[in-house]
file coords_20.cif (mmCIF, C-alpha atoms)
data_model
#
loop_
_atom_site.label_atom_id
_atom_site.label_comp_id
_atom_site.auth_asym_id
_atom_site.auth_seq_id
_atom_site.Cartn_x
_atom_site.Cartn_y
_atom_site.Cartn_z
CA MET A 1 152.03 -70.89 61.98
CA CYS A 2 148.92 -72.26 60.33
CA LYS A 3 148.93 -75.98 59.68
CA CYS A 4 147.03 -76.71 56.48
CA GLU A 5 145.98 -80.24 55.69
CA GLU A 6 146.33 -81.39 52.13
CA ALA A 7 143.19 -82.68 50.45
CA PRO A 8 143.06 -86.47 50.12
CA LEU A 9 144.19 -87.70 46.71
CA SER A 10 140.73 -89.17 46.12
CA ASP A 11 139.17 -85.71 46.59
CA VAL A 12 141.69 -84.12 44.21
CA LYS A 13 140.99 -86.80 41.59
CA GLU A 14 137.23 -86.38 41.99
CA ALA A 15 137.52 -82.61 41.58
CA GLY A 16 139.64 -83.12 38.46
CA ASN A 17 137.12 -85.53 37.01
CA ALA A 18 134.26 -83.13 37.73
CA ARG A 19 136.03 -80.28 35.96
CA ALA A 20 136.89 -82.58 33.04
CA ALA A 21 133.20 -83.47 32.73
CA VAL A 22 132.33 -79.77 32.50
CA ILE A 23 134.96 -79.25 29.80
CA GLU A 24 133.70 -82.23 27.80
CA ALA A 25 130.06 -81.09 28.00
CA ALA A 26 131.08 -77.59 26.93
CA ALA A 27 133.11 -78.93 24.01
CA LYS A 28 130.06 -80.83 22.72
CA CYS A 29 127.84 -77.75 23.05
CA PHE A 30 130.33 -75.42 21.37
CA MET A 31 130.79 -77.92 18.55
CA GLN A 32 127.06 -78.25 17.94
CA ALA A 33 125.96 -74.62 18.26
CA GLY A 34 129.12 -72.50 18.11
CA TYR A 35 130.38 -70.10 20.72
CA SER A 36 127.79 -67.33 20.25
CA ASP A 37 124.75 -69.61 20.37
CA THR A 38 125.94 -71.69 23.33
CA SER A 39 124.95 -70.64 26.85
CA ILE A 40 126.01 -71.78 30.29
CA ASP A 41 122.47 -73.20 30.59
CA ASP A 42 123.14 -75.37 27.54
CA VAL A 43 126.31 -76.76 29.08
CA ALA A 44 124.54 -77.40 32.38
CA ASP A 45 121.69 -79.20 30.58
CA ASP A 46 124.14 -81.43 28.69
CA LEU A 47 125.90 -82.17 31.95
CA GLY A 48 122.65 -82.80 33.80
CA ALA A 49 123.61 -80.28 36.46
CA THR A 50 122.84 -76.75 37.60
CA LYS A 51 124.57 -73.60 36.37
CA GLY A 52 126.17 -73.37 39.77
CA ARG A 53 128.32 -76.38 38.97
CA ILE A 54 129.69 -74.61 35.90
CA TYR A 55 130.28 -71.35 37.75
CA HIS A 56 132.09 -73.24 40.47
CA TYR A 57 134.95 -73.66 37.97
CA TYR A 58 134.45 -70.81 35.48
CA ARG A 59 133.40 -67.20 35.89
CA SER A 60 132.19 -66.83 32.31
CA LYS A 61 131.42 -68.66 29.09
CA ALA A 62 134.56 -67.15 27.56
CA GLU A 63 136.76 -68.66 30.28
CA LEU A 64 135.15 -72.04 29.70
CA PHE A 65 135.64 -71.78 25.94
CA PHE A 66 139.31 -70.91 26.32
CA ASP A 67 139.84 -73.88 28.63
CA VAL A 68 138.22 -76.22 26.11
CA HIS A 69 140.52 -74.77 23.44
CA ARG A 70 143.57 -75.29 25.67
CA HIS A 71 142.51 -78.87 26.32
CA GLY A 72 142.26 -79.53 22.59
CA MET A 73 145.74 -78.12 22.00
CA ALA A 74 147.13 -80.12 24.93
CA ILE A 75 145.83 -83.30 23.31
CA ASN A 76 147.60 -82.39 20.07
CA LEU A 77 150.88 -81.37 21.68
CA SER A 78 151.09 -84.50 23.83
CA ALA A 79 150.93 -86.62 20.67
CA ILE A 80 153.17 -84.56 18.39
CA GLU A 81 155.98 -83.25 20.60
CA PRO A 82 157.57 -86.66 21.30
CA ILE A 83 157.56 -87.58 17.61
CA ALA A 84 159.00 -84.24 16.50
CA ALA A 85 161.81 -84.52 19.06
CA GLY A 86 162.37 -88.23 18.51
CA GLU A 87 164.91 -90.14 16.51
CA GLY A 88 164.59 -91.36 12.95
CA VAL A 89 164.75 -89.80 9.54
CA PRO A 90 162.55 -86.72 8.96
CA VAL A 91 160.35 -88.38 6.35
CA LEU A 92 159.27 -91.10 8.78
CA ARG A 93 158.79 -88.64 11.63
CA LEU A 94 156.67 -86.34 9.49
CA GLU A 95 154.55 -89.29 8.40
CA ALA A 96 154.08 -90.34 12.02
CA MET A 97 153.19 -86.77 13.00
CA CYS A 98 150.59 -86.59 10.23
CA LYS A 99 148.97 -89.83 11.36
CA ALA A 100 148.99 -88.82 15.01
CA HIS A 101 147.47 -85.44 14.18
CA LEU A 102 144.74 -87.01 12.05
CA GLY A 103 144.03 -89.56 14.75
CA ASN A 104 143.43 -86.71 17.18
CA MET A 105 141.17 -84.96 14.68
CA LEU A 106 138.96 -88.05 14.44
CA ASP A 107 139.09 -89.28 18.03
CA HIS A 108 138.68 -85.86 19.67
CA ILE A 109 136.54 -84.09 17.09
CA VAL A 110 134.57 -82.06 19.66
CA TYR A 111 137.73 -80.43 20.98
CA GLN A 112 139.24 -79.93 17.53
CA ARG A 113 136.13 -78.09 16.32
CA VAL A 114 136.50 -75.71 19.27
CA VAL A 115 140.17 -75.18 18.41
CA LEU A 116 139.04 -74.21 14.90
CA GLN A 117 136.41 -71.87 16.37
CA GLY A 118 139.16 -70.25 18.41
CA VAL A 119 141.03 -69.40 15.21
CA GLU A 120 137.88 -67.94 13.69
CA MET A 121 137.26 -65.93 16.85
CA HIS A 122 140.84 -64.64 16.74
CA LEU A 123 140.27 -63.38 13.18
CA SER A 124 136.97 -61.77 14.17
CA SER A 125 136.69 -58.18 15.41
CA SER A 126 133.75 -58.99 17.69
CA THR A 127 135.86 -59.99 20.70
CA THR A 128 136.56 -57.83 23.75
CA PRO A 129 140.08 -56.57 24.56
CA LYS A 130 140.35 -59.08 27.41
CA GLN A 131 139.24 -61.92 25.14
CA ARG A 132 141.75 -60.85 22.49
CA GLU A 133 144.56 -61.08 25.04
CA LYS A 134 143.49 -64.64 25.90
CA LEU A 135 143.22 -65.53 22.24
CA LYS A 136 146.73 -64.23 21.58
CA LEU A 137 148.08 -66.71 24.11
CA LEU A 138 146.11 -69.53 22.51
CA MET A 139 147.37 -68.54 19.07
CA LYS A 140 150.94 -68.70 20.37
CA GLU A 141 150.30 -72.34 21.25
CA ARG A 142 149.11 -72.92 17.70
CA GLU A 143 152.22 -71.19 16.32
CA TYR A 144 154.41 -73.39 18.49
CA TYR A 145 152.52 -76.45 17.27
CA GLU A 146 152.96 -75.45 13.64
CA GLY A 147 156.62 -74.83 14.42
CA LEU A 148 157.03 -78.50 15.36
CA PHE A 149 155.97 -79.49 11.86
CA ARG A 150 158.05 -76.75 10.26
CA GLY A 151 161.14 -77.89 12.14
CA VAL A 152 160.85 -81.45 10.83
CA LEU A 153 160.07 -80.15 7.35
CA LEU A 154 163.20 -78.00 7.31
CA GLU A 155 165.30 -80.86 8.62
CA GLY A 156 163.89 -83.08 5.89
CA ARG A 157 164.54 -80.51 3.17
CA ASP A 158 168.13 -80.09 4.32
CA SER A 159 168.54 -83.87 4.23
CA GLY A 160 167.06 -84.17 0.73
CA PHE A 161 163.80 -85.87 1.77
CA PHE A 162 161.48 -82.94 0.94
CA THR A 163 161.30 -80.29 -1.76
CA PHE A 164 159.63 -76.93 -1.13
CA GLU A 165 160.46 -73.20 -1.20
CA ASN A 166 158.77 -71.37 1.66
CA PRO A 167 158.82 -73.17 5.07
CA SER A 168 155.97 -71.09 6.48
CA PHE A 169 153.74 -71.71 3.47
CA VAL A 170 154.42 -75.43 3.35
CA SER A 171 153.79 -76.00 7.07
CA LYS A 172 150.46 -74.19 6.74
CA ALA A 173 149.60 -76.20 3.63
CA VAL A 174 150.37 -79.50 5.36
CA LEU A 175 148.28 -78.58 8.41
CA ALA A 176 145.44 -77.34 6.20
CA ILE A 177 145.29 -80.81 4.64
CA LEU A 178 145.51 -82.55 8.01
CA ASN A 179 142.84 -80.32 9.55
CA ASN A 180 140.40 -80.82 6.68
CA PRO A 181 138.48 -83.74 8.29
CA VAL A 182 137.48 -81.42 11.15
CA LEU A 183 135.22 -79.59 8.71
CA TRP A 184 133.16 -82.59 7.65
CA TYR A 185 133.92 -85.67 9.73
CA LYS A 186 131.00 -87.02 11.79
CA PRO A 187 131.67 -89.99 14.06
CA ARG A 188 129.02 -92.68 13.99
CA ARG A 189 128.34 -95.36 16.58
CA ALA A 190 128.63 -98.18 14.07
CA GLN A 191 131.69 -96.73 12.36
CA SER A 192 134.49 -99.21 11.96
CA ASP A 193 138.17 -98.59 12.62
CA VAL A 194 138.76 -99.43 8.96
CA GLU A 195 137.03 -96.20 7.90
CA LYS A 196 139.16 -94.14 10.29
CA ILE A 197 142.34 -95.81 9.11
CA GLN A 198 141.41 -95.07 5.50
CA ILE A 199 140.96 -91.36 6.27
CA ILE A 200 144.25 -91.24 8.16
CA GLU A 201 146.18 -93.03 5.42
CA GLU A 202 144.69 -91.01 2.55
CA PHE A 203 145.18 -87.59 4.11
CA THR A 204 148.67 -88.48 5.29
CA ALA A 205 149.49 -89.39 1.69
CA PHE A 206 148.11 -86.05 0.47
CA ALA A 207 150.25 -84.17 3.01
CA MET A 208 153.39 -86.09 2.08
CA GLN A 209 152.78 -85.41 -1.61
CA THR A 210 152.61 -81.68 -0.84
CA VAL A 211 156.29 -81.70 0.20
CA ASN A 212 157.38 -84.15 -2.53
CA ALA A 213 158.46 -86.64 0.12
CA LYS A 214 161.15 -89.13 -0.88
CA ARG A 215 162.05 -92.26 1.06
#
call {"tool": "encode", "arguments": {"input": "coords_20.cif", "output": "structure tokens"}}
result
Amino acid sequence: MCKCEEAPLSDVKEAGNARAAVIEAAAKCFMQAGYSDTSIDDVADDLGATKGRIYHYYRSKAELFFDVHRHGMAINLSAIEPIAAGEGVPVLRLEAMCKAHLGNMLDHIVYQRVVLQGVEMHLSSSTTPKQREKLKLLMKEREYYEGLFRGVLLEGRDSGFFTFENPSFVSKAVLAILNNPVLWYKPRRAQSDVEKIQIIEEFTAFAMQTVNAKR
């Protein structure tokens, strides 16, 4: 029987950090130039490394893009799932979910832009069959994420906190409002937390007004 030694934890952590650095560099490049106009060379240049470092983890640009997209969704899910499943009245949970979502939009804008690009790619006919299969899986994550909001919205409507007709329409409307800053927000080095808080508060208020929230 072969005796295999496990890699030291320090080596595992270093490998994880190296891969994370590749994902972060790719996210910045995809955000700035889009998927089509970003090359593996661009990612390597941003990282200050050779293409070989990228190909050590990813066989293609598409694989790298999909991993960046998954990372962006993982950030969102880790923030929203506990709130959606938590205790408290629906109106307060929805408000907390809105603020957490917006916080992710502003703090992780590079990943959120790639998530948006993934949706656009899914709607495009220019993808290969293999890419479309990958995109279907990513879109299922988005559907699950939207479902977290829809579940709280339905609970709130049944409890008299919200007023709306179509659950699917209203969850999409709420997320459209919350995703809006991704289209125009540009972080600045000298930007204060006050500006971020203002964006979060204002757009949360818009989303809550959409469902006629009552306290």
call {"tool": "closest_atom_pairs", "arguments": {"input": "coords_20.cif", "of": "stretch 33-69 of chain A", "to": "stretch 134-147 of chain A", "cutoff": "12 Å", "atoms": "all atoms listed in the file", "output": "Markdown table"}}
result
| residue | atom | partner | partner_atom | distance |
| --- | --- | --- | --- | --- |
| A:Ala62 | CA | A:Lys134 | CA | 9.4 |
| A:Glu63 | CA | A:Lys134 | CA | 9.0 |
| A:Leu64 | CA | A:Lys134 | CA | 11.8 |
| A:Phe65 | CA | A:Leu135 | CA | 10.5 |
| A:Phe66 | CA | A:Lys134 | CA | 7.5 |
| A:Asp67 | CA | A:Leu138 | CA | 9.8 |
| A:Val68 | CA | A:Leu138 | CA | 11.0 |
| A:His69 | CA | A:Leu138 | CA | 7.7 |
call {"tool": "residues_around", "arguments": {"input": "coords_20.cif", "residues": "stretch 174-178 of chain A", "least_positions_apart": "2", "cutoff": "8 Å", "atoms": "all atoms listed in the file", "output": "PyMOL selection string"}}
result
chain A and resi 98+101-102+146+170-172+180-181+203-204+206-208+210
call {"tool": "closest_residue", "arguments": {"input": "coords_20.cif", "among": "A:Ile200, A:Ser60, A:Ala190, A:Asn212", "to": "A:Ala96", "atoms": "all atoms listed in the file"}}
result
A:Ile200
call {"tool": "resolve_selection", "arguments": {"input": "coords_20.cif", "expression": "the PyMOL selection byres ((chain A and resi 51-57) around 8)", "output": "PDB file with C-alpha atoms, in the coordinates of the input"}}
result
ATOM      1  CA  ARG A  19     136.030 -80.280  35.960  1.00  0.00           C
ATOM      2  CA  VAL A  22     132.330 -79.770  32.500  1.00  0.00           C
ATOM      3  CA  ILE A  40     126.010 -71.780  30.290  1.00  0.00           C
ATOM      4  CA  ASP A  41     122.470 -73.200  30.590  1.00  0.00           C
ATOM      5  CA  VAL A  43     126.310 -76.760  29.080  1.00  0.00           C
ATOM      6  CA  ALA A  44     124.540 -77.400  32.380  1.00  0.00           C
ATOM      7  CA  ALA A  49     123.610 -80.280  36.460  1.00  0.00           C
ATOM      8  CA  THR A  50     122.840 -76.750  37.600  1.00  0.00           C
ATOM      9  CA  TYR A  58     134.450 -70.810  35.480  1.00  0.00           C
ATOM     10  CA  ARG A  59     133.400 -67.200  35.890  1.00  0.00           C
ATOM     11  CA  SER A  60     132.190 -66.830  32.310  1.00  0.00           C
TER      12      SER A  60
END
call {"tool": "residues_around", "arguments": {"input": "coords_20.cif", "residues": "stretch 148-151 of chain A", "least_positions_apart": "4", "cutoff": "8 Å", "atoms": "all atoms listed in the file", "output": "PDB file with C-alpha atoms, keeping the file's coordinate frame"}}
result
ATOM      1  CA  ILE A  80     153.170 -84.560  18.390  1.00  0.00           C
ATOM      2  CA  GLU A  81     155.980 -83.250  20.600  1.00  0.00           C
ATOM      3  CA  ALA A  84     159.000 -84.240  16.500  1.00  0.00           C
ATOM      4  CA  LEU A  94     156.670 -86.340   9.490  1.00  0.00           C
ATOM      5  CA  MET A  97     153.190 -86.770  13.000  1.00  0.00           C
ATOM      6  CA  TYR A 144     154.410 -73.390  18.490  1.00  0.00           C
ATOM      7  CA  GLU A 155     165.300 -80.860   8.620  1.00  0.00           C
ATOM      8  CA  PRO A 167     158.820 -73.170   5.070  1.00  0.00           C
ATOM      9  CA  SER A 168     155.970 -71.090   6.480  1.00  0.00           C
ATOM     10  CA  VAL A 170     154.420 -75.430   3.350  1.00  0.00           C
ATOM     11  CA  SER A 171     153.790 -76.000   7.070  1.00  0.00           C
TER      12      SER A 171
END
call {"tool": "residues_around", "arguments": {"input": "coords_20.cif", "residues": "A:Gly72", "least_positions_apart": "5", "cutoff": "10 Å", "atoms": "all atoms listed in the file", "output": "list of chain:residue names"}}
result
A:Ala27, A:Phe66, A:Asp67, A:Leu77, A:Asn104, A:Met105, A:His108, A:Ile109, A:Val110, A:Tyr111, A:Gln112, A:Arg113, A:Val114, A:Val115, A:Leu116
call {"tool": "residues_around", "arguments": {"input": "coords_20.cif", "residues": "A:Arg188", "least_positions_apart": "6", "cutoff": "12 Å", "atoms": "only C-alpha atoms", "output": "number ranges by chain"}}
result
A: 106-107, 109, 195-196
call {"tool": "closest_residue", "arguments": {"input": "coords_20.cif", "among": "A:Leu183, A:Ile23, A:Met31, A:Thr38", "to": "A:His71", "atoms": "all atoms listed in the file"}}
result
A:Ile23
call {"tool": "closest_residue", "arguments": {"input": "coords_20.cif", "among": "A:Gln191, A:Gln117, A:Asn17, A:Ser159", "to": "A:Gly34", "atoms": "all atoms listed in the file"}}
result
A:Gln117
call {"tool": "closest_residue", "arguments": {"input": "coords_20.cif", "among": "A:Ala74, A:Ser36, A:Ala79, A:Phe169", "to": "A:Gly103", "atoms": "only C-alpha atoms"}}
result
A:Ala79
call {"tool": "closest_residue", "arguments": {"input": "coords_20.cif", "among": "A:Lys130, A:Ala25, A:Lys99, A:Phe162", "to": "A:Ala205", "atoms": "all atoms listed in the file"}}
result
A:Lys99
